[in-house]
file data21.tsv (TSV, C-alpha atoms)
chain	number	residue	atom	x	y	z
A	1	MET	CA	79.59	116.06	119.31
A	2	GLN	CA	77.11	113.24	118.94
A	3	ILE	CA	77.50	109.84	120.61
A	4	TYR	CA	77.69	106.54	118.69
A	5	SER	CA	78.66	102.99	119.59
A	6	TYR	CA	79.09	99.52	118.20
A	7	SER	CA	80.04	96.10	119.55
A	8	ILE	CA	82.55	93.69	118.09
A	9	PRO	CA	81.92	90.02	118.85
A	10	GLU	CA	84.98	88.22	120.10
A	11	LEU	CA	84.29	85.37	117.67
A	12	ASP	CA	84.34	87.71	114.68
A	13	SER	CA	84.11	86.00	111.27
A	14	TYR	CA	84.43	87.36	107.77
A	15	TYR	CA	80.65	87.45	107.39
A	16	THR	CA	79.97	89.43	110.55
A	17	SER	CA	78.08	92.69	110.00
A	18	ILE	CA	78.65	95.26	112.73
A	19	PRO	CA	75.91	97.88	113.13
A	20	ILE	CA	76.83	101.37	114.38
A	21	TYR	CA	74.18	102.90	116.65
A	22	ASN	CA	73.47	106.50	117.52
A	23	LYS	CA	72.53	107.58	121.06
A	24	ASP	CA	68.87	106.68	120.37
A	25	TYR	CA	69.93	103.10	119.46
A	26	GLN	CA	69.07	103.58	115.80
A	27	VAL	CA	71.42	101.98	113.27
A	28	ILE	CA	73.20	104.64	111.19
A	29	SER	CA	75.51	102.37	109.18
A	30	ILE	CA	76.94	98.87	109.03
A	31	LEU	CA	80.60	97.82	109.03
A	32	LYS	CA	81.64	94.81	106.97
A	33	LYS	CA	85.02	93.27	106.32
A	34	ASN	CA	86.56	93.78	102.91
A	35	ARG	CA	88.58	90.72	101.98
A	36	HIS	CA	92.01	91.35	100.43
A	37	ARG	CA	92.91	90.13	96.96
A	38	ILE	CA	93.86	86.43	96.84
A	39	LEU	CA	97.63	87.03	96.53
A	40	THR	CA	97.49	89.51	99.39
A	41	GLN	CA	95.60	86.99	101.53
A	42	LEU	CA	98.18	84.30	100.83
A	43	SER	CA	101.12	86.56	101.61
A	44	HIS	CA	99.43	87.75	104.82
A	45	MET	CA	98.95	84.16	105.93
A	46	LEU	CA	102.61	83.38	105.22
A	47	LEU	CA	104.25	86.57	106.51
A	48	ARG	CA	101.73	87.61	109.20
A	49	TYR	CA	102.45	91.22	108.24
A	50	GLY	CA	99.99	94.06	107.85
A	51	MET	CA	96.31	94.23	108.51
A	52	PRO	CA	94.31	91.03	107.93
A	53	TYR	CA	91.25	92.94	106.70
A	54	CYS	CA	90.13	96.32	105.52
A	55	TYR	CA	86.60	97.54	106.17
A	56	ASN	CA	83.58	98.98	104.35
A	57	ALA	CA	80.80	101.15	105.75
A	58	PHE	CA	77.34	100.69	104.28
A	59	SER	CA	74.17	102.73	104.72
A	60	MET	CA	70.96	101.11	105.90
A	61	ASN	CA	69.92	100.81	102.24
A	62	ASN	CA	73.04	98.67	101.64
A	63	HIS	CA	74.71	101.46	99.62
A	64	PRO	CA	78.46	101.81	100.25
A	65	ILE	CA	79.57	104.96	102.09
A	66	TYR	CA	83.31	104.40	102.58
A	67	LYS	CA	85.70	101.61	101.69
A	68	ILE	CA	89.35	101.04	102.57
A	69	ASP	CA	91.46	98.78	100.37
A	70	CYS	CA	95.16	98.06	99.98
A	71	VAL	CA	97.38	96.83	97.17
A	72	PHE	CA	99.37	94.51	99.43
A	73	THR	CA	98.80	93.66	103.07
A	74	GLY	CA	100.05	96.62	105.08
A	75	VAL	CA	101.11	98.63	102.00
A	76	ARG	CA	99.47	101.47	100.05
A	77	TYR	CA	96.03	101.91	101.55
A	78	THR	CA	93.30	103.62	99.52
A	79	LEU	CA	90.08	105.22	100.75
A	80	TYR	CA	87.02	105.24	98.50
A	81	SER	CA	84.35	107.81	99.31
A	82	CYS	CA	81.35	106.38	97.54
A	83	SER	CA	79.17	109.46	98.03
A	84	THR	CA	81.60	111.72	96.13
A	85	MET	CA	83.15	108.92	94.02
A	86	ASP	CA	86.64	109.95	95.21
A	87	LYS	CA	89.56	107.54	95.46
A	88	VAL	CA	92.40	108.87	97.63
A	89	SER	CA	95.56	107.29	98.94
A	90	ILE	CA	96.20	107.13	102.66
A	91	THR	CA	99.72	108.06	103.71
A	92	GLN	CA	101.16	106.74	106.95
A	93	ASN	CA	103.69	108.76	108.91
A	94	ARG	CA	105.40	107.53	112.05
A	95	VAL	CA	104.84	109.86	115.00
A	96	GLN	CA	106.68	107.97	117.72
A	97	LEU	CA	108.23	104.55	118.03
A	98	ILE	CA	104.99	102.64	117.49
A	99	GLU	CA	102.32	105.21	116.70
A	100	LYS	CA	101.47	106.18	113.12
A	101	VAL	CA	99.24	108.87	111.69
A	102	GLN	CA	97.15	108.09	108.64
A	103	SER	CA	96.53	111.15	106.45
A	104	PHE	CA	94.43	111.66	103.35
A	105	MET	CA	92.93	114.51	101.36
A	106	LEU	CA	89.23	114.46	100.52
A	107	ASN	CA	87.49	117.31	98.67
A	108	GLY	CA	90.48	119.59	99.32
A	109	ASP	CA	90.39	118.98	103.09
A	110	VAL	CA	93.16	117.24	105.01
A	111	TYR	CA	92.03	114.45	107.33
A	112	GLN	CA	94.33	112.81	109.89
A	113	PHE	CA	93.62	109.72	111.96
A	114	GLU	CA	95.93	109.18	114.93
A	115	LYS	CA	95.83	106.50	117.60
A	116	ASP	CA	97.49	106.89	120.96
A	117	TYR	CA	99.01	104.46	123.43
A	118	THR	CA	95.57	103.72	124.95
A	119	TYR	CA	94.31	102.52	121.55
A	120	SER	CA	91.99	105.48	121.26
A	121	GLY	CA	91.79	107.25	117.94
A	122	THR	CA	91.26	110.87	116.93
A	123	LEU	CA	90.14	112.11	113.52
A	124	THR	CA	90.95	115.71	112.63
A	125	LEU	CA	89.83	117.83	109.70
A	126	ASN	CA	92.29	120.60	108.79
A	127	GLY	CA	93.71	120.42	112.33
A	128	GLU	CA	90.34	120.51	114.15
A	129	LYS	CA	89.12	117.46	116.08
A	130	ILE	CA	85.93	116.10	114.51
A	131	ALA	CA	85.74	112.60	116.04
A	132	VAL	CA	87.14	110.45	118.84
A	133	ILE	CA	86.89	106.67	119.17
A	134	ARG	CA	87.87	104.34	122.01
A	135	ASN	CA	87.45	100.77	123.18
A	136	LEU	CA	85.54	100.48	126.44
A	137	ASN	CA	87.58	97.60	127.88
A	138	SER	CA	85.85	97.78	131.25
A	139	THR	CA	82.51	96.83	129.70
A	140	ASN	CA	83.58	93.54	128.10
A	141	THR	CA	80.36	91.53	128.47
A	142	ASN	CA	78.96	88.56	126.59
A	143	LEU	CA	82.25	88.11	124.72
A	144	THR	CA	81.98	91.47	122.95
A	145	ASN	CA	84.09	94.60	122.91
A	146	ARG	CA	82.15	97.85	123.00
A	147	ILE	CA	83.47	100.76	120.96
A	148	HIS	CA	82.46	104.35	121.81
A	149	ILE	CA	82.49	107.14	119.18
A	150	GLU	CA	82.01	110.88	119.52
A	151	ALA	CA	81.63	112.51	116.10
A	152	ILE	CA	80.11	115.59	114.51
A	153	ASP	CA	77.72	113.58	112.27
A	154	ASP	CA	76.77	110.09	111.06
A	155	ASP	CA	79.09	110.21	108.04
A	156	ILE	CA	82.16	111.05	110.15
A	157	ALA	CA	81.19	108.34	112.68
A	158	SER	CA	81.22	105.77	109.85
A	159	LEU	CA	84.56	107.09	108.57
A	160	ILE	CA	86.34	106.92	111.94
A	161	ALA	CA	84.89	103.44	112.56
A	162	ILE	CA	86.42	101.97	109.40
A	163	MET	CA	89.72	103.76	110.09
A	164	TYR	CA	89.77	102.34	113.63
A	165	GLN	CA	88.83	98.84	112.54
A	166	THR	CA	91.44	98.80	109.77
A	167	PHE	CA	94.39	100.45	111.51
A	168	VAL	CA	93.89	99.85	115.24
A	169	TYR	CA	91.61	96.95	116.10
call {"tool": "encode", "arguments": {"input": "data21.tsv", "output": "structure tokens"}}
result
Amino acid sequence: MQIYSYSIPELDSYYTSIPIYNKDYQVISILKKNRHRILTQLSHMLLRYGMPYCYNAFSMNNHPIYKIDCVFTGVRYTLYSCSTMDKVSITQNRVQLIEKVQSFMLNGDVYQFEKDYTYSGTLTLNGEKIAVIRNLNSTNTNLTNRIHIEAIDDDIASLIAIMYQTFVY
């Protein structure tokens, strides 16, 4: 698997763009927050339930690669694959008391994203591990959190990054 990384500033705003780097420190894609619909934002502020943001992954040419959206904060997530123009729903199944697995089907293949108690995430394709992501807490420098990714290619690295940012971080 190939190595990727990105850093999340501790003072993260809505307008923050987060570049994902490969092992040669070349930017492969950029993560940006996807603001919820206005009613969803208001209900999130009142209820403090669900995820405050979803995320998009963009190529270096500013073309969207993947996008996660939801109908209501914490309910009915949808993944948009902009390269294949697919729109698939993400189902969440509880594995243990706290942990959930997000599953979706893309081009006839079953993807599953699962986080564990260490806040690491694993992405599988038809039961085979294709990417792993984890927060490197021990390297918290300059008010940033470094995220480490091991993935089979750039596209999968972008996919696991938006899954991690939306459902874990």
call {"tool": "closest_residue", "arguments": {"input": "data21.tsv", "among": "A:Gly108, A:Ile3, A:Leu123, A:Lys129", "to": "A:Tyr25", "atoms": "only C-alpha atoms"}}
result
A:Ile3
call {"tool": "residues_near_point", "arguments": {"input": "data21.tsv", "point": "(80.1, 100.4, 111.7)", "cutoff": "7 Å", "atoms": "all atoms listed in the file", "output": "MDAnalysis selection string"}}
result
chainID A and resid 6 18:20 29:31 57 158 161:162
call {"tool": "closest_residue", "arguments": {"input": "data21.tsv", "among": "A:Ser59, A:Thr166, A:Asn145, A:Gln96", "to": "A:Ser7", "atoms": "only C-alpha atoms"}}
result
A:Asn145
call {"tool": "closest_residue", "arguments": {"input": "data21.tsv", "among": "A:Lys87, A:Lys115, A:Lys32, A:Lys23", "to": "A:Asp154", "atoms": "only C-alpha atoms"}}
result
A:Lys23
call {"tool": "residues_around", "arguments": {"input": "data21.tsv", "residues": "A:Asn93", "least_positions_apart": "4", "cutoff": "7 Å", "atoms": "all atoms listed in the file", "output": "ChimeraX atom specification"}}
result
/A:100-102
call {"tool": "residues_around", "arguments": {"input": "data21.tsv", "residues": "A:Gly121", "least_positions_apart": "4", "cutoff": "6 Å", "atoms": "all atoms listed in the file", "output": "ChimeraX atom specification"}}
result
/A:114-115,132-133
call {"tool": "closest_residue", "arguments": {"input": "data21.tsv", "among": "A:Met163, A:Asp109, A:Ala131, A:Tyr119", "to": "A:Thr78", "atoms": "all atoms listed in the file"}}
result
A:Met163
call {"tool": "atom_distance", "arguments": {"input": "data21.tsv", "atom1": "atom CA of A:Gln112", "atom2": "atom CA of A:Gln2"}}
result
19.5 Å
call {"tool": "closest_residue", "arguments": {"input": "data21.tsv", "among": "A:Val95, A:Ile130, A:Val110, A:Val75", "to": "A:Ile160", "atoms": "all atoms listed in the file"}}
result
A:Ile130
call {"tool": "atom_distance", "arguments": {"input": "data21.tsv", "atom1": "atom CA of A:Tyr21", "atom2": "atom CA of A:Lys67"}}
result
18.9 Å
